[in-house]
Amino acid sequence: MSKLTFSIGGIHPADSKLARECKIEVLPLPSKMYVSMFQHLGAQAKPIVAVGDKVKTGQIIAEPGGFISAYVHSPASGTVKSIAPRKDLAGFNVMHIEIDVEGDEWAEGIDLSTELVTKIPEDREFILDRVKMNGVVGLGGATFPTHVKLNPPPGKTADCLILNGTECEPYLTSDFRILLERTDEIIVGAAIMQKVLGGCKCVIGIEENKPEAISAVRASLARLGYPGISVAVLRKRYPQGGEKQLIDAVMKRQVKSGGLPIDVGAVVQNVGTSLAVYEAVQKNKPLITNIMTFTGDVVPAERQRNYLFRIGMPLSFIAEQAGGVPEETVKLVSGGPMMGKAIAFLDAATVKGTSSILCLGEATRRHPETPCISCCRCADACPMGLEPFLLKKLHVAGDLAALEQNAVQDCIECGCCQYSCPAYVPLLDNIRIAKGQVMGVIRARNAKK
Amino acid sequence: MTETIIWTIAVLTALGLLLSLVLFWVARKFRVEEDPRIDDIEKTLPGANCGGCGFAGCRAFADAAVKAGNLDKNYCPVGGSEVMKKVAVILGCEIQETAPRVAVVRCSGSCANRPRINEYDGVKSCKVKAALYGGDTGCLFGCLGCGDCVAACQFGALAMNPETGLPEVDENKCTACGKCVAACPKRIIELRDKGPRGMRMFVSCTNKDKGPVARKACSAACIGCGICAKTCRHDAVTVTDNVAYIDYTKCKLCRECEAVCPTGAIHGVNFPKPLDKEAVKQRIAERKAKEAEKKEDGNE
């Protein structure tokens, strides 16, 4: 079978999976943790603890602030020191609960054994409730609350669950490591989500550059014997892990402009989310840990790490545990080098969606911008079929109506345009702002209706 | 040969006459009756078409003014009261005297006051920078220094000072059109009354963080201590969200707030003499002592 991939655009950045051989290590607890109230897409969570309260590991400390929102749990046991705004990694003020860590005493009802539980609960509502109460959100980057995604609106049914194990971003290896080390749990998680979605089929998409992961998953599938789960080997190409690209690659279906994956009968979940769903449903364990990679081109080979961290640990603590940020570092990025965010404030706390600390060197500095030479490489590279050079011009001109006509709201901010631009035009920087403005206009219009 | 020339002239003349008749008829038929005052007002206005008045341009301003018949909703910040008086004469209505205003940059976060904690190498635009992250200093509220306001100014009244990294307003050129106010994503620039002989007081900071946080980020930040508000005898200073604000309609330019401000966030400009802080502080102390004495007397 020929290898699958999406139909238009895309780029082939260097792989740079430097930490792929590093086993996941568990980090010790720091003395202080800061739990952000804004770790998911949607409304901010509302704290339900007060300053001075004693909390246990895994105890709910904040409840959802709206329909699209999630529960937040304490990552360690200790005392609530303060509830105040604090800077996140981009330097913006976000409400955080500060916890003075005193130990690691878990709340009651959480199964801490490592034994694999393969029997899937029968009751759909029970599963959804556990996913919701344990604060599971999508760990592929967008942190969309999983219980909402697993519960399609009436009239729409999913006929394929796609597990995203592509990890198409360079450098990142956290998904690869869990595919190797926690394979069985991911498969059980997939079977649970299959059950919730009404017994649809499930495809696990993995790029060809992870042969070990592919064989591990295949072996696990044969061992566990859940029906309707298969592996799709995908060609290596960025942004294969984009939701719409992955649906195109695996199912050969295209999501319309402004549409959702469920419109074409697809639900896409990251493999990390699958693991979180397993832990939430089978062990009643809330999402308070995640896997991240400490890597970068200036990090020596022996200092590359994959960590299991508690959500709320400061990034600086993790960097310290990894032996500090190398001196040659020019840029610190959290997330992949293509879509990640620059870290402006290293003392910021990790959130549910944190997937890496990247220490990048001199080679990643920006080149000075030169005039556009109209080569159209950006348009060729755009996986959404947009014309980035045009969108940038329209944004500079401030023409929101034309921007909307040219579907700026479809941009997935993958950065392929800027990556492929030989004139170093800051395309995405402009398009991102334009997208925000146009989305605002659309929302205002919809609200009027 | 001659015949051809004569024919050509005859045909063209006839054509010309015919078309002129058509044009005359069209001009008559589709004539738009317009108030001549609109033209007069437009000529009187500065013609910058900056939009500072809130209308699309000078013509739109004139149109709206004539339609309304008064100048209640029209004010040309560029022309100021002089132009407005002339416009009022054309319209034959009264105008309220409006004090001239000027754009004021409320940030003192120069390179010396506000250490840079990271290096920004993205697009040189405040709008983009503000959307991406909190900025290259510890202050979330201060000037980003990419010069969106300078680009927005049509009158060349704003310029970045390379030493401080902050924009500076040329008071003689500023027309208070408000373009820079709208261009600044951090809302630092404010239009304030120019004040008598240009003298005015303002708090050159918009940092809403709590005192210690603000001070850590910038040595010239307003820390919201409220000493200025306690000192002010005219009720002009208020502190909300940890930042002081001076109401320019109430300020009497006594400069006492400037003298007591511990961080130097309060600026007084265009005063003939530099401020003698100690003398003013002494004056305040004497006054306070007297007040205390009076109170005691009253109590007895």
# chains A, B, ... in the order shown; residues from 1 in each chain; ligands from 1
$ residues_around --residues "A:Asp429" --least-positions-apart "2" --cutoff "12 Å" --atoms "only C-alpha atoms" --output "ChimeraX atom specification"
/A:339,388-389,391-392,395-396,411,413-415,417-419,424-427,431-436 /B:121-132
$ write_last_selection --atoms "C-alpha atoms" --output "PDB file, in the first residue's frame"
ATOM      1  CA  MET A 339       3.895  26.479  15.728  1.00  0.00           C
ATOM      2  CA  PRO A 388      -0.532  34.145   1.998  1.00  0.00           C
ATOM      3  CA  PHE A 389       1.168  36.956   0.028  1.00  0.00           C
ATOM      4  CA  LEU A 391      -3.538  38.059   2.760  1.00  0.00           C
ATOM      5  CA  LYS A 392      -0.495  39.877   4.062  1.00  0.00           C
ATOM      6  CA  HIS A 395      -3.846  43.059   6.193  1.00  0.00           C
ATOM      7  CA  VAL A 396      -1.399  45.908   5.675  1.00  0.00           C
ATOM      8  CA  CYS A 411      -5.561  29.699   8.187  1.00  0.00           C
ATOM      9  CA  GLU A 413      -1.213  29.106  11.452  1.00  0.00           C
ATOM     10  CA  CYS A 414       1.127  26.240  10.519  1.00  0.00           C
ATOM     11  CA  GLY A 415       3.804  28.627   9.267  1.00  0.00           C
ATOM     12  CA  CYS A 417       4.234  30.138   4.087  1.00  0.00           C
ATOM     13  CA  GLN A 418       6.790  31.922   6.167  1.00  0.00           C
ATOM     14  CA  TYR A 419       9.079  28.883   6.175  1.00  0.00           C
ATOM     15  CA  TYR A 424      11.782  36.378   4.512  1.00  0.00           C
ATOM     16  CA  VAL A 425       8.478  38.236   4.459  1.00  0.00           C
ATOM     17  CA  PRO A 426       6.771  37.905   7.857  1.00  0.00           C
ATOM     18  CA  LEU A 427       3.627  36.437   6.333  1.00  0.00           C
ATOM     19  CA  ILE A 431      -2.023  36.799   8.764  1.00  0.00           C
ATOM     20  CA  ARG A 432      -2.436  35.761  12.388  1.00  0.00           C
ATOM     21  CA  ILE A 433      -3.481  39.265  13.393  1.00  0.00           C
ATOM     22  CA  ALA A 434      -5.760  39.541  10.359  1.00  0.00           C
ATOM     23  CA  LYS A 435      -7.352  36.209  11.233  1.00  0.00           C
ATOM     24  CA  GLY A 436      -8.036  37.405  14.763  1.00  0.00           C
TER      25      GLY A 436
ATOM     26  CA  ASP B 121      13.052  40.063  16.400  1.00  0.00           C
ATOM     27  CA  GLY B 122       9.572  39.887  14.897  1.00  0.00           C
ATOM     28  CA  VAL B 123       7.693  42.316  12.696  1.00  0.00           C
ATOM     29  CA  LYS B 124       8.354  45.936  13.603  1.00  0.00           C
ATOM     30  CA  SER B 125       4.777  46.802  14.444  1.00  0.00           C
ATOM     31  CA  CYS B 126       3.303  47.491  17.864  1.00  0.00           C
ATOM     32  CA  LYS B 127       0.038  45.897  16.795  1.00  0.00           C
ATOM     33  CA  VAL B 128       1.723  42.588  15.902  1.00  0.00           C
ATOM     34  CA  LYS B 129       4.009  42.693  18.924  1.00  0.00           C
ATOM     35  CA  ALA B 130       1.155  43.360  21.331  1.00  0.00           C
ATOM     36  CA  ALA B 131      -0.807  40.418  19.951  1.00  0.00           C
ATOM     37  CA  LEU B 132       2.152  38.047  20.220  1.00  0.00           C
TER      38      LEU B 132
END
$ closest_atom_pairs --of "chain A" --to "chain B" --cutoff "6 Å" --atoms "only C-alpha atoms" --output "Markdown table"
| residue | atom | partner | partner_atom | distance |
| --- | --- | --- | --- | --- |
| A:Ala90 | CA | B:Tyr133 | CA | 4.7 |
| A:Gly91 | CA | B:Gly134 | CA | 4.3 |
| A:Phe92 | CA | B:Gly134 | CA | 5.2 |
$ write_last_selection --atoms "C-alpha atoms" --output "JSON list (two decimals), in the first residue's frame"
[["chain", "number", "residue", "atom", "x", "y", "z"],
["A", 90, "ALA", "CA", 4.15, 34.92, 26.65],
["A", 91, "GLY", "CA", 4.27, 37.47, 29.45],
["A", 92, "PHE", "CA", 0.50, 38.07, 29.69]]
$ residues_around --residues "B:Lys85" --least-positions-apart "6" --cutoff "10 Å" --atoms "only C-alpha atoms" --output "VMD selection string"
chain B and resid 79 91 to 97
$ select_by_dssp --residues "stretch 178-279 of chain B" --states "strand (DSSP E)" --output "ChimeraX atom specification"
/B:189-193,200-203,237-240,243-246,266-269
$ write_last_selection --atoms "N, CA and C atoms" --output "tab-separated table (two decimals), in the first residue's frame"
chain	number	residue	atom	x	y	z
B	189	ILE	N	-1.19	56.79	24.64
B	189	ILE	CA	-1.29	58.19	24.24
B	189	ILE	C	-2.69	58.71	24.55
B	190	GLU	N	-2.73	59.90	25.14
B	190	GLU	CA	-4.01	60.50	25.51
B	190	GLU	C	-4.02	61.94	25.01
B	191	LEU	N	-5.21	62.41	24.59
B	191	LEU	CA	-5.33	63.82	24.23
B	191	LEU	C	-5.69	64.60	25.48
B	192	ARG	N	-4.86	65.58	25.81
B	192	ARG	CA	-5.12	66.37	27.02
B	192	ARG	C	-5.11	67.86	26.66
B	193	ASP	N	-5.76	68.66	27.51
B	193	ASP	CA	-5.73	70.10	27.31
B	193	ASP	C	-4.28	70.59	27.33
B	200	ARG	N	1.35	71.88	31.78
B	200	ARG	CA	0.39	70.85	32.17
B	200	ARG	C	1.07	69.77	32.99
B	201	MET	N	0.24	69.06	33.76
B	201	MET	CA	0.73	67.96	34.59
B	201	MET	C	0.08	66.68	34.09
B	202	PHE	N	0.84	65.59	34.11
B	202	PHE	CA	0.22	64.30	33.80
B	202	PHE	C	1.01	63.17	34.42
B	203	VAL	N	0.34	62.04	34.62
B	203	VAL	CA	1.02	60.85	35.14
B	203	VAL	C	1.56	60.09	33.93
B	237	VAL	N	-6.41	64.45	41.47
B	237	VAL	CA	-5.72	63.16	41.29
B	237	VAL	C	-6.56	62.03	41.87
B	238	THR	N	-6.74	60.98	41.07
B	238	THR	CA	-7.42	59.78	41.56
B	238	THR	C	-6.53	58.58	41.27
B	239	VAL	N	-6.63	57.58	42.13
B	239	VAL	CA	-5.86	56.35	41.89
B	239	VAL	C	-6.86	55.21	41.69
B	240	THR	N	-6.86	54.63	40.48
B	240	THR	CA	-7.70	53.45	40.22
B	240	THR	C	-6.81	52.37	39.62
B	243	VAL	N	-2.98	52.81	39.53
B	243	VAL	CA	-2.32	53.84	38.74
B	243	VAL	C	-3.05	55.17	38.92
B	244	ALA	N	-2.25	56.24	39.09
B	244	ALA	CA	-2.82	57.56	39.34
B	244	ALA	C	-3.20	58.22	38.02
B	245	TYR	N	-4.20	59.10	38.10
B	245	TYR	CA	-4.60	59.86	36.91
B	245	TYR	C	-4.92	61.28	37.34
B	246	ILE	N	-4.40	62.24	36.57
B	246	ILE	CA	-4.67	63.64	36.90
B	246	ILE	C	-5.74	64.17	35.96
B	266	ILE	N	5.09	61.36	37.80
B	266	ILE	CA	4.29	62.54	37.45
B	266	ILE	C	5.19	63.59	36.80
B	267	HIS	N	4.78	64.01	35.64
B	267	HIS	CA	5.58	64.96	34.89
B	267	HIS	C	4.86	66.30	34.80
B	268	GLY	N	5.61	67.39	34.95
B	268	GLY	CA	5.09	68.71	34.66
B	268	GLY	C	5.91	69.25	33.49
B	269	VAL	N	5.24	69.75	32.45
B	269	VAL	CA	6.01	70.22	31.30
B	269	VAL	C	5.73	71.70	31.02
$ atom_distance --atom1 "atom CA of A:Glu387" --atom2 "atom CA of A:Pro337"
22.4 Å
$ residues_around --residues "B:Ala236" --least-positions-apart "4" --cutoff "6 Å" --atoms "only C-alpha atoms" --output "number ranges by chain"
B: 246-247, 250-251
$ write_last_selection --atoms "N, CA and C atoms" --output "PDB file, in the first residue's frame"
ATOM      1  N   ILE B 246      -4.404  62.235  36.572  1.00  0.00           N
ATOM      2  CA  ILE B 246      -4.668  63.635  36.898  1.00  0.00           C
ATOM      3  C   ILE B 246      -5.742  64.169  35.958  1.00  0.00           C
ATOM      4  N   ASP B 247      -6.831  64.658  36.523  1.00  0.00           N
ATOM      5  CA  ASP B 247      -7.913  65.253  35.739  1.00  0.00           C
ATOM      6  C   ASP B 247      -7.489  66.663  35.344  1.00  0.00           C
ATOM      7  N   LYS B 250      -9.389  69.788  36.444  1.00  0.00           N
ATOM      8  CA  LYS B 250      -9.366  70.230  37.846  1.00  0.00           C
ATOM      9  C   LYS B 250      -7.988  70.703  38.290  1.00  0.00           C
ATOM     10  N   CYS B 251      -6.960  70.288  37.562  1.00  0.00           N
ATOM     11  CA  CYS B 251      -5.586  70.559  37.997  1.00  0.00           C
ATOM     12  C   CYS B 251      -5.290  72.052  37.973  1.00  0.00           C
TER      13      CYS B 251
END
$ atom_distance --atom1 "atom CA of A:Ala50" --atom2 "atom CA of A:Ile99"
11.1 Å
